[in-house]
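**Student:** What follows is the file query.pdb, containing PDB, C-alpha atoms:
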ATOM      1  CA  MET M   1      60.680 -76.054 -32.013
ATOM      2  CA  ALA M   2      60.565 -72.373 -31.174
ATOM      3  CA  ALA M   3      57.335 -70.824 -30.004
ATOM      4  CA  LEU M   4      55.084 -69.566 -32.770
ATOM      5  CA  LEU M   5      53.595 -66.078 -32.745
ATOM      6  CA  ALA M   6      49.842 -66.104 -32.255
ATOM      7  CA  THR M   7      49.497 -63.675 -35.148
ATOM      8  CA  GLY M   8      51.417 -65.808 -37.606
ATOM      9  CA  GLY M   9      53.853 -68.641 -38.160
ATOM     10  CA  LEU M  10      51.266 -71.416 -38.411
ATOM     11  CA  LEU M  11      49.723 -72.887 -41.501
ATOM     12  CA  GLY M  12      46.471 -71.128 -42.263
ATOM     13  CA  PRO M  13      43.336 -73.050 -41.292
ATOM     14  CA  VAL M  14      41.063 -74.603 -43.896
ATOM     15  CA  LEU M  15      37.310 -74.510 -43.610
ATOM     16  CA  LEU M  16      35.551 -77.649 -42.428
ATOM     17  CA  THR M  17      33.088 -78.050 -45.271
ATOM     18  CA  GLY M  18      30.430 -80.661 -45.698
ATOM     19  CA  ALA M  19      30.443 -81.712 -42.053
ATOM     20  CA  PRO M  20      27.273 -83.539 -40.993
ATOM     21  CA  SER M  21      25.313 -81.848 -38.230
ATOM     22  CA  ALA M  22      25.040 -83.301 -34.751
ATOM     23  CA  ALA M  23      21.284 -82.789 -34.926
ATOM     24  CA  ALA M  24      21.182 -85.218 -37.829
ATOM     25  CA  GLY M  25      23.248 -87.718 -35.867
ATOM     26  CA  GLY M  26      26.444 -87.030 -37.792
ATOM     27  CA  ALA M  27      29.952 -86.260 -36.596
ATOM     28  CA  ARG M  28      33.463 -85.825 -37.928
ATOM     29  CA  TYR M  29      36.525 -87.418 -36.397
ATOM     30  CA  GLY M  30      40.157 -86.449 -36.444
ATOM     31  CA  MET M  31      43.491 -86.209 -34.655
ATOM     32  CA  VAL M  32      44.471 -83.114 -32.686
ATOM     33  CA  LYS M  33      47.732 -81.769 -34.104
ATOM     34  CA  LEU M  34      48.037 -78.539 -32.114
ATOM     35  CA  VAL M  35      46.380 -76.976 -29.077
ATOM     36  CA  ASP M  36      46.313 -73.308 -30.022
ATOM     37  CA  ASP M  37      44.854 -72.078 -26.739
ATOM     38  CA  GLY M  38      42.193 -73.035 -24.212
ATOM     39  CA  ASP M  39      39.332 -72.956 -26.710
ATOM     40  CA  THR M  40      40.918 -73.527 -30.133
ATOM     41  CA  VAL M  41      42.614 -76.605 -31.629
ATOM     42  CA  ASP M  42      43.991 -77.712 -34.989
ATOM     43  CA  VAL M  43      42.531 -81.056 -36.088
ATOM     44  CA  ASP M  44      43.581 -83.338 -38.929
ATOM     45  CA  VAL M  45      40.079 -84.334 -39.992
ATOM     46  CA  ALA M  46      39.710 -87.909 -41.179
ATOM     47  CA  GLY M  47      38.329 -88.391 -44.663
ATOM     48  CA  ASP M  48      38.696 -84.820 -45.908
ATOM     49  CA  ARG M  49      41.363 -85.959 -48.411
ATOM     50  CA  THR M  50      43.953 -83.536 -47.046
ATOM     51  CA  SER M  51      46.616 -83.533 -44.338
ATOM     52  CA  THR M  52      46.076 -79.848 -43.631
ATOM     53  CA  PRO M  53      44.723 -79.327 -40.102
ATOM     54  CA  VAL M  54      41.461 -77.479 -39.610
ATOM     55  CA  ARG M  55      41.495 -74.797 -36.931
ATOM     56  CA  VAL M  56      38.417 -75.469 -34.788
ATOM     57  CA  ARG M  57      36.847 -72.963 -32.389
ATOM     58  CA  TYR M  58      35.009 -74.464 -29.428
ATOM     59  CA  ILE M  59      31.268 -73.931 -29.154
ATOM     60  CA  GLY M  60      30.134 -72.236 -25.951
ATOM     61  CA  LEU M  61      33.521 -71.653 -24.310
ATOM     62  CA  GLN M  62      35.679 -68.550 -23.890
ATOM     63  CA  ALA M  63      39.167 -69.093 -22.466
ATOM     64  CA  MET M  64      41.627 -66.287 -21.789
ATOM     65  CA  GLU M  65      43.899 -65.439 -24.695
ATOM     66  CA  LEU M  66      47.420 -66.586 -25.556
ATOM     67  CA  HIS M  67      49.949 -64.192 -27.089
ATOM     68  CA  VAL M  68      52.307 -66.945 -28.250
ATOM     69  CA  TYR M  69      51.330 -70.401 -29.496
ATOM     70  CA  SER M  70      53.709 -73.316 -29.140
ATOM     71  CA  LEU M  71      53.941 -77.006 -29.956
ATOM     72  CA  LYS M  72      54.865 -77.539 -26.296
ATOM     73  CA  PRO M  73      53.065 -76.197 -23.224
ATOM     74  CA  SER M  74      56.340 -74.789 -21.878
ATOM     75  CA  GLY M  75      56.264 -72.287 -24.742
ATOM     76  CA  TYR M  76      52.790 -70.899 -24.061
ATOM     77  CA  ARG M  77      52.647 -67.199 -23.227
ATOM     78  CA  GLY M  78      49.556 -65.140 -22.703
ATOM     79  CA  GLU M  79      46.882 -63.673 -20.509
ATOM     80  CA  CYS M  80      46.520 -64.744 -16.920
ATOM     81  CA  TRP M  81      44.653 -68.084 -16.858
ATOM     82  CA  GLY M  82      45.113 -68.380 -20.628
ATOM     83  CA  VAL M  83      48.254 -70.468 -20.227
ATOM     84  CA  GLU M  84      46.583 -72.661 -17.601
ATOM     85  CA  ALA M  85      43.569 -73.254 -19.851
ATOM     86  CA  ALA M  86      45.770 -74.178 -22.803
ATOM     87  CA  LYS M  87      47.872 -76.549 -20.696
ATOM     88  CA  ASN M  88      44.791 -78.270 -19.346
ATOM     89  CA  LEU M  89      43.370 -78.739 -22.832
ATOM     90  CA  TYR M  90      46.738 -80.030 -24.062
ATOM     91  CA  ALA M  91      46.699 -82.697 -21.346
ATOM     92  CA  LEU M  92      43.164 -83.687 -22.314
ATOM     93  CA  ILE M  93      43.401 -83.999 -26.090
ATOM     94  CA  ASN M  94      46.795 -83.344 -27.659
ATOM     95  CA  HIS M  95      47.555 -85.994 -30.316
ATOM     96  CA  ARG M  96      44.367 -87.782 -29.434
ATOM     97  CA  ARG M  97      41.413 -88.759 -31.591
ATOM     98  CA  VAL M  98      38.453 -86.440 -31.159
ATOM     99  CA  ARG M  99      34.864 -86.216 -32.313
ATOM    100  CA  LEU M 100      33.610 -82.902 -33.724
ATOM    101  CA  THR M 101      29.895 -82.095 -33.632
ATOM    102  CA  SER M 102      27.604 -79.120 -34.187
ATOM    103  CA  GLN M 103      23.963 -78.442 -34.799
ATOM    104  CA  HIS M 104      24.751 -76.754 -38.091
ATOM    105  CA  ALA M 105      27.511 -77.705 -40.503
ATOM    106  CA  SER M 106      28.007 -74.047 -41.422
ATOM    107  CA  SER M 107      28.611 -72.867 -37.832
ATOM    108  CA  HIS M 108      31.696 -70.683 -37.593
ATOM    109  CA  SER M 109      33.210 -68.013 -35.370
ATOM    110  CA  MET M 110      32.789 -64.388 -36.385
ATOM    111  CA  LYS M 111      36.435 -63.644 -35.626
ATOM    112  CA  ASN M 112      38.841 -65.327 -38.093
ATOM    113  CA  ILE M 113      35.960 -67.411 -39.567
ATOM    114  CA  ARG M 114      36.814 -70.725 -37.920
ATOM    115  CA  PRO M 115      34.384 -73.652 -37.802
ATOM    116  CA  ARG M 116      32.678 -73.876 -34.408
ATOM    117  CA  ARG M 117      32.423 -77.366 -33.001
ATOM    118  CA  SER M 118      32.000 -79.259 -29.765
ATOM    119  CA  VAL M 119      35.120 -81.359 -29.218
ATOM    120  CA  GLU M 120      34.853 -84.724 -27.499
ATOM    121  CA  VAL M 121      37.499 -87.252 -26.480
ATOM    122  CA  LEU M 122      37.216 -90.887 -25.458
ATOM    123  CA  GLN M 123      37.392 -91.480 -21.716
ATOM    124  CA  ALA M 124      36.527 -94.780 -20.048
ATOM    125  CA  GLY M 125      34.912 -96.039 -23.221
ATOM    126  CA  GLY M 126      32.664 -93.008 -23.824
ATOM    127  CA  TRP M 127      32.864 -89.670 -25.598
ATOM    128  CA  VAL M 128      33.342 -86.798 -23.134
ATOM    129  CA  ASP M 129      32.848 -83.119 -23.976
ATOM    130  CA  THR M 130      36.132 -81.314 -23.311
ATOM    131  CA  GLY M 131      34.566 -77.853 -23.335
ATOM    132  CA  GLY M 132      32.568 -78.894 -20.305
ATOM    133  CA  LEU M 133      35.725 -80.179 -18.635
ATOM    134  CA  GLN M 134      37.392 -76.790 -19.136
ATOM    135  CA  LEU M 135      34.466 -75.117 -17.383
ATOM    136  CA  ASP M 136      34.525 -77.697 -14.585
ATOM    137  CA  ALA M 137      38.169 -76.795 -13.976
ATOM    138  CA  GLY M 138      37.340 -73.086 -13.757
ATOM    139  CA  LEU M 139      39.379 -72.287 -16.860
ATOM    140  CA  GLY M 140      36.822 -70.592 -19.079
ATOM    141  CA  LEU M 141      33.640 -68.557 -19.315
ATOM    142  CA  PRO M 142      30.320 -69.822 -20.681
ATOM    143  CA  ASP M 143      29.557 -68.317 -24.100
ATOM    144  CA  LEU M 144      25.935 -69.236 -24.762
ATOM    145  CA  LEU M 145      24.869 -69.166 -28.402
ATOM    146  CA  GLY M 146      21.434 -68.804 -29.922
ATOM    147  CA  ASP M 147      22.119 -71.038 -32.911
ATOM    148  CA  GLU M 148      24.384 -73.652 -31.282
ATOM    149  CA  TYR M 149      22.517 -74.110 -28.011
ATOM    150  CA  THR M 150      23.002 -77.823 -27.257
ATOM    151  CA  HIS M 151      25.323 -77.099 -24.307
ATOM    152  CA  ASN M 152      23.834 -73.786 -23.143
ATOM    153  CA  LEU M 153      22.048 -74.995 -20.020
ATOM    154  CA  ASP M 154      24.806 -77.450 -19.113
ATOM    155  CA  TYR M 155      27.580 -74.895 -19.574
ATOM    156  CA  MET M 156      25.923 -72.233 -17.427
ATOM    157  CA  VAL M 157      25.346 -74.823 -14.701
ATOM    158  CA  ARG M 158      28.985 -75.949 -14.904
ATOM    159  CA  ALA M 159      30.302 -72.375 -14.727
ATOM    160  CA  GLN M 160      28.082 -71.423 -11.808
ATOM    161  CA  ARG M 161      28.983 -74.646 -10.002
ATOM    162  CA  ALA M 162      32.709 -73.969 -10.481
ATOM    163  CA  ALA M 163      32.223 -70.404  -9.225
ATOM    164  CA  ALA M 164      30.344 -71.623  -6.138
ATOM    165  CA  ALA M 165      33.143 -74.109  -5.432
ATOM    166  CA  HIS M 166      35.849 -71.426  -6.002
ATOM    167  CA  VAL M 167      37.576 -73.612  -8.595
ATOM    168  CA  GLY M 168      40.322 -72.267 -10.885
ATOM    169  CA  MET M 169      40.013 -68.603 -11.704
ATOM    170  CA  TRP M 170      36.846 -68.342  -9.593
ATOM    171  CA  GLY M 171      38.753 -68.834  -6.357
ATOM    172  CA  ASP M 172      42.291 -67.466  -6.637
ATOM    173  CA  PRO M 173      42.239 -63.625  -6.732
ATOM    174  CA  THR M 174      46.048 -63.324  -6.485
ATOM    175  CA  HIS M 175      46.991 -66.050  -8.968
ATOM    176  CA  CYS M 176      48.256 -63.479 -11.470
ATOM    177  CA  GLY M 177      49.838 -61.272  -8.835
ATOM    178  CA  VAL M 178      48.646 -59.242  -5.898
ATOM    179  CA  GLY M 179      46.361 -56.680  -7.460
ATOM    180  CA  PRO M 180      44.933 -53.464  -6.062
ATOM    181  CA  ALA M 181      42.221 -53.313  -3.405
ATOM    182  CA  GLN M 182      42.485 -56.944  -2.345
ATOM    183  CA  ASP M 183      40.047 -56.249   0.487
ATOM    184  CA  ALA M 184      37.505 -54.493  -1.762
ATOM    185  CA  GLN M 185      33.872 -55.387  -1.188
ATOM    186  CA  LEU M 186      32.431 -54.937  -4.644
ATOM    187  CA  SER M 187      29.509 -56.518  -6.464
ATOM    188  CA  VAL M 188      28.510 -56.622 -10.117
ATOM    189  CA  HIS M 189      24.939 -56.415 -11.368
ATOM    190  CA  ILE M 190      23.714 -56.461 -14.977
ATOM    191  CA  ASN M 191      20.591 -54.824 -16.293
ATOM    192  CA  TRP M 192      20.421 -57.071 -19.351
ATOM    193  CA  ASP M 193      16.916 -56.249 -20.591
ATOM    194  CA  ALA M 194      16.579 -52.628 -21.682
ATOM    195  CA  ALA M 195      13.187 -50.951 -21.711
ATOM    196  CA  GLY M 196      11.540 -51.386 -25.093
ATOM    197  CA  ASN M 197      13.643 -52.609 -27.994
ATOM    198  CA  ASP M 198      17.174 -53.408 -26.784
ATOM    199  CA  ALA M 199      18.624 -52.678 -30.234
ATOM    200  CA  VAL M 200      17.170 -49.166 -30.138
ATOM    201  CA  ASN M 201      17.771 -48.489 -26.435
ATOM    202  CA  VAL M 202      21.391 -49.674 -26.203
ATOM    203  CA  ASN M 203      22.077 -47.518 -23.145
ATOM    204  CA  GLY M 204      19.169 -49.265 -21.434
ATOM    205  CA  GLU M 205      21.613 -52.106 -20.820
ATOM    206  CA  TRP M 206      24.174 -51.442 -18.118
ATOM    207  CA  ILE M 207      26.517 -52.919 -15.516
ATOM    208  CA  ASP M 208      26.506 -51.546 -11.981
ATOM    209  CA  ILE M 209      29.641 -51.993  -9.888
ATOM    210  CA  SER M 210      28.726 -51.295  -6.258
ATOM    211  CA  ASN M 211      31.040 -50.648  -3.332
ATOM    212  CA  HIS M 212      29.856 -52.193  -0.058
ATOM    213  CA  GLY M 213      32.999 -51.215   1.853
ATOM    214  CA  ALA M 214      34.017 -48.160   3.849
ATOM    215  CA  ALA M 215      36.752 -46.876   1.505
ATOM    216  CA  PRO M 216      36.673 -45.706  -2.132
ATOM    217  CA  VAL M 217      37.957 -48.229  -4.689
ATOM    218  CA  SER M 218      39.864 -47.135  -7.778
ATOM    219  CA  LEU M 219      39.069 -49.134 -10.911
ATOM    220  CA  ASP M 220      41.896 -47.625 -12.981
ATOM    221  CA  GLY M 221      43.030 -50.346 -15.403
ATOM    222  CA  TRP M 222      40.390 -52.852 -14.309
ATOM    223  CA  TRP M 223      38.312 -54.332 -17.111
ATOM    224  CA  VAL M 224      34.892 -55.888 -17.505
ATOM    225  CA  ARG M 225      33.698 -58.160 -20.285
ATOM    226  CA  ASP M 226      30.700 -60.152 -21.408
ATOM    227  CA  ALA M 227      31.001 -63.543 -23.108
ATOM    228  CA  ALA M 228      31.700 -62.072 -26.551
ATOM    229  CA  TYR M 229      35.166 -61.261 -27.840
ATOM    230  CA  ARG M 230      35.363 -57.459 -27.562
ATOM    231  CA  GLY M 231      38.294 -55.115 -27.190
ATOM    232  CA  VAL M 232      42.021 -55.850 -27.201
ATOM    233  CA  LYS M 233      42.590 -59.495 -26.225
ATOM    234  CA  ALA M 234      38.887 -59.693 -25.289
ATOM    235  CA  HIS M 235      39.318 -57.258 -22.397
ATOM    236  CA  GLY M 236      35.962 -55.699 -23.216
ATOM    237  CA  TYR M 237      35.796 -52.307 -21.493
ATOM    238  CA  VAL M 238      38.897 -51.026 -19.677
ATOM    239  CA  PHE M 239      38.183 -48.436 -16.975
ATOM    240  CA  PRO M 240      40.140 -45.212 -17.564
ATOM    241  CA  PRO M 241      42.156 -43.266 -14.973
ATOM    242  CA  GLY M 242      39.952 -41.542 -12.444
ATOM    243  CA  SER M 243      37.368 -44.342 -12.275
ATOM    244  CA  VAL M 244      36.384 -44.605  -8.611
ATOM    245  CA  VAL M 245      33.533 -46.353  -6.819
ATOM    246  CA  GLN M 246      32.669 -44.442  -3.677
ATOM    247  CA  PRO M 247      31.706 -46.155  -0.398
ATOM    248  CA  GLY M 248      28.059 -47.099  -0.505
ATOM    249  CA  GLY M 249      27.860 -45.979  -4.128
ATOM    250  CA  ASN M 250      28.126 -47.513  -7.547
ATOM    251  CA  LEU M 251      29.670 -46.834 -10.928
ATOM    252  CA  ARG M 252      27.327 -47.518 -13.831
ATOM    253  CA  LEU M 253      28.727 -48.626 -17.186
ATOM    254  CA  ARG M 254      26.141 -48.098 -19.900
ATOM    255  CA  VAL M 255      26.615 -50.243 -23.004
ATOM    256  CA  GLY M 256      26.026 -47.502 -25.577
ATOM    257  CA  GLN M 257      27.577 -44.121 -26.265
ATOM    258  CA  GLY M 258      27.782 -40.964 -24.173
ATOM    259  CA  THR M 259      30.084 -38.731 -22.128
ATOM    260  CA  ASN M 260      31.657 -40.191 -18.990
ATOM    261  CA  THR M 261      30.905 -38.632 -15.607
ATOM    262  CA  ALA M 262      32.035 -39.440 -12.078
ATOM    263  CA  ASP M 263      29.433 -42.169 -11.602
ATOM    264  CA  THR M 264      28.437 -43.143 -15.163
ATOM    265  CA  GLN M 265      30.617 -44.358 -18.013
ATOM    266  CA  TYR M 266      29.864 -45.546 -21.560
ATOM    267  CA  TRP M 267      31.190 -48.662 -23.267
ATOM    268  CA  GLY M 268      30.651 -47.102 -26.694
ATOM    269  CA  LEU M 269      28.986 -50.067 -28.383
ATOM    270  CA  SER M 270      26.444 -49.556 -31.145
ATOM    271  CA  MET M 271      24.456 -52.677 -30.344
ATOM    272  CA  PRO M 272      23.318 -54.499 -27.193
ATOM    273  CA  ALA M 273      25.891 -56.645 -25.391
ATOM    274  CA  PHE M 274      23.784 -58.939 -23.245
ATOM    275  CA  ALA M 275      21.566 -61.807 -24.333
ATOM    276  CA  ASN M 276      18.005 -61.868 -23.084
ATOM    277  CA  VAL M 277      17.052 -64.866 -20.965
ATOM    278  CA  THR M 278      15.135 -67.672 -22.642
ATOM    279  CA  GLY M 279      13.862 -71.059 -21.560
ATOM    280  CA  ALA M 280      14.132 -74.334 -23.423
ATOM    281  CA  PRO M 281      15.435 -75.207 -25.902
ATOM    282  CA  THR M 282      17.978 -72.369 -26.207
ATOM    283  CA  TRP M 283      18.467 -71.598 -22.481
ATOM    284  CA  MET M 284      20.106 -68.249 -23.174
ATOM    285  CA  GLY M 285      21.905 -66.165 -20.550
ATOM    286  CA  ASP M 286      25.151 -64.242 -20.176
ATOM    287  CA  GLY M 287      27.400 -62.585 -17.639
ATOM    288  CA  ALA M 288      29.667 -59.686 -16.745
ATOM    289  CA  TRP M 289      33.097 -60.530 -15.358
ATOM    290  CA  LEU M 290      35.284 -57.906 -13.628
ATOM    291  CA  PHE M 291      39.065 -58.413 -13.750
ATOM    292  CA  ASP M 292      41.781 -56.423 -11.993
ATOM    293  CA  PRO M 293      44.800 -55.053 -13.930
ATOM    294  CA  GLN M 294      46.798 -58.244 -13.236
ATOM    295  CA  GLY M 295      44.091 -60.326 -14.935
ATOM    296  CA  ASP M 296      42.599 -61.938 -11.840
ATOM    297  CA  LEU M 297      38.839 -62.449 -11.910
ATOM    298  CA  ARG M 298      37.547 -60.599  -8.867
ATOM    299  CA  PHE M 299      33.777 -60.133  -9.143
ATOM    300  CA  TRP M 300      31.022 -61.212 -11.517
ATOM    301  CA  ASP M 301      27.353 -61.599 -12.281
ATOM    302  CA  MET M 302      26.104 -64.578 -14.314
ATOM    303  CA  TYR M 303      22.446 -64.776 -15.187
ATOM    304  CA  PRO M 304      20.030 -66.372 -14.841
ATOM    305  CA  CYS M 305      20.837 -68.467 -11.802
ATOM    306  CA  ARG M 306      20.953 -72.116 -12.896
ATOM    307  CA  TYR M 307      22.795 -73.599  -9.918
ATOM    308  CA  ALA M 308      22.426 -73.320  -6.132
ATOM    309  CA  CYS M 309      19.577 -70.804  -6.420
TER
END
Go ahead and express the file in the form of structure tokens.

**Tutor:**
Amino acid sequence: MAALLATGGLLGPVLLTGAPSAAAGGARYGMVKLVDDGDTVDVDVAGDRTSTPVRVRYIGLQAMELHVYSLKPSGYRGECWGVEAAKNLYALINHRRVRLTSQHASSHSMKNIRPRRSVEVLQAGGWVDTGGLQLDAGLGLPDLLGDEYTHNLDYMVRAQRAAAAHVGMWGDPTHCGVGPAQDAQLSVHINWDAAGNDAVNVNGEWIDISNHGAAPVSLDGWWVRDAAYRGVKAHGYVFPPGSVVQPGGNLRLRVGQGTNTADTQYWGLSMPAFANVTGAPTWMGDGAWLFDPQGDLRFWDMYPCRYAC
């Protein structure tokens, strides 16, 4: 069958209503009918009295986006590492029975209003969380949630472990093509806790991109994102022409609104971007990930440190 446009061509998803919560020991089961991308699947849910698949959004995982969905992996088209994430998920669960769980039956994504669930598959006689496997393979970012926090600590550990091991997108800076400034010595640092009330002092959150090399580095067309879906195809903030980090200097991206200068730019958001750190049980944290124009992940800061500290 021909590839299906990501913006249409598929049956519309139905809401997964009445699902028992994982906290109450309940789960729903079904058969995966379509792997939409690296963090979204269509599931024919058993016992819902329909044959219409439910489009399920993974809890705690952000994969790169596809532009074209397909019934076959050969038809996938999309962002760098998006195709790889979708293919890996296809190999794990396509046309297999899965278990869907969540802490709250009403959990859903803000974009497209899809039910959020953890998706598990049987391996060696036990249920295995496939979102965690995607992170182990270096094919996604941890998206820690305050209301669905069961995997928060585990997912940040998995992501930081994959980064330390240079697995998947954490260790192949030319996978999507040879990008600019391959020898750049940059670092990313987040100031995630603004002075006072973060919601009032939005510009008190910022990302510093520092240049530890001897030559200026142009960031024209580079983009930086947090775990949330922001901007076109989740590119977050795209650096405009003229964005340069000078040797020994840094470019500061403030989260709120303002007028760009040579060393300070403004994301333009009206609310804070970065989660404040918490301990148990929610184990909140976040990150800033810097991609070059080809889509290769080049530099990042994930906080707090949960692995190899």

**Student:** Separation of CA of Val56 (chain M) and CA of Val121 (chain M), in Å?

**Tutor:**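 CA of Val121 (chain M) lies at a distance of 14.4 Å from CA of Val56 (chain M).
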
**Student:** If we count only C-alpha atoms and set the cut-off at 8 Å, which residues sit around Tyr307 (chain M), ignoring sequence neighbours fewer than 4 positions away in its own chain? Please answer as a list in words.

**Tutor:**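 Once the nearby chain positions are removed, what remains is Val157, Gln160 and Arg161 of chain M.
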
**Student:** Can you pull out the residues contacting Val167 (chain M)? Cut-off 12 Å, using only C-alpha atoms, and skip same-chain residues under 5 positions away; I want them as a list in words.

**Tutor:**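 Near neighbours after the sequence-gap exclusion: Gln134, Leu135, Asp136, Ala137, Gly138, Leu139, Gly140, Arg158, Ala159, Gln160, Arg161, Ala162, Asp172, Pro173 and Leu297 of chain M.
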
**Student:** Please enumerate the residues selected by the PyMOL selection byres ((chain M and resi 241-250) around 7) when evaluated against the supplied file, formatted as a PDB file with C-alpha atoms, keeping the file's coordinate frame.

**Tutor:**
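Output file selection.pdb follows:
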ATOM      1  CA  ASP M 208      26.506 -51.546 -11.981  1.00  0.00           C
ATOM      2  CA  ILE M 209      29.641 -51.993  -9.888  1.00  0.00           C
ATOM      3  CA  SER M 210      28.726 -51.295  -6.258  1.00  0.00           C
ATOM      4  CA  ASN M 211      31.040 -50.648  -3.332  1.00  0.00           C
ATOM      5  CA  HIS M 212      29.856 -52.193  -0.058  1.00  0.00           C
ATOM      6  CA  GLY M 213      32.999 -51.215   1.853  1.00  0.00           C
ATOM      7  CA  ALA M 214      34.017 -48.160   3.849  1.00  0.00           C
ATOM      8  CA  ALA M 215      36.752 -46.876   1.505  1.00  0.00           C
ATOM      9  CA  PRO M 216      36.673 -45.706  -2.132  1.00  0.00           C
ATOM     10  CA  VAL M 217      37.957 -48.229  -4.689  1.00  0.00           C
ATOM     11  CA  SER M 218      39.864 -47.135  -7.778  1.00  0.00           C
ATOM     12  CA  LEU M 219      39.069 -49.134 -10.911  1.00  0.00           C
ATOM     13  CA  ASP M 220      41.896 -47.625 -12.981  1.00  0.00           C
ATOM     14  CA  PHE M 239      38.183 -48.436 -16.975  1.00  0.00           C
ATOM     15  CA  PRO M 240      40.140 -45.212 -17.564  1.00  0.00           C
ATOM     16  CA  LEU M 251      29.670 -46.834 -10.928  1.00  0.00           C
ATOM     17  CA  ARG M 252      27.327 -47.518 -13.831  1.00  0.00           C
ATOM     18  CA  ASP M 263      29.433 -42.169 -11.602  1.00  0.00           C
TER      19      ASP M 263
END

**Student:** Choose the residue, out of M:Leu61, M:Val224, M:Cys176, M:Leu290, that has the smallest atom-to-atom separation from Glu79 (chain M); count all atoms listed in the file.

**Tutor:**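 Closest to Glu79 (chain M), using all atoms listed in the file: M:Cys176.
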
**Student:** In terms of the shortest atom-to-atom distance over all atoms listed in the file, which of M:Thr150, M:Gln103, M:Ser270, M:Thr264 is closest to Asn201 (chain M)?

**Tutor:**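 Of M:Thr150, M:Gln103, M:Ser270, M:Thr264, the one nearest Asn201 (chain M) is M:Ser270, counting all atoms listed in the file.
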
**Student:** Just the residues within 12 Å of Trp283 (chain M), please, counting only C-alpha atoms, with nothing from its chain fewer than 6 positions along; format it as a list in words.

**Tutor:**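 Neighbouring residues, sequence-local ones excluded: Asp143, Leu144, Leu145, Gly146, Asp147, Glu148, Tyr149, Thr150, His151, Asn152, Leu153, Asp154, Tyr155, Met156, Val157, Ala275, Asn276, Val277, Tyr303, Pro304, Cys305 and Arg306 of chain M.
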
**Student:** Tell me which residues the PyMOL selection byres ((chain M and resi 45) around 6) grabs here, as a list of chain:residue names.

**Tutor:**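 Matching residues under the PyMOL selection byres ((chain M and resi 45) around 6) are M:Tyr29, M:Gly30, M:Val43, M:Asp44, M:Ala46.
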
**Student:** Expressed in Å to a single decimal, how great is the separation between CA of Ala85 (chain M) and CA of Leu269 (chain M)?

**Tutor:** 28.7 Å
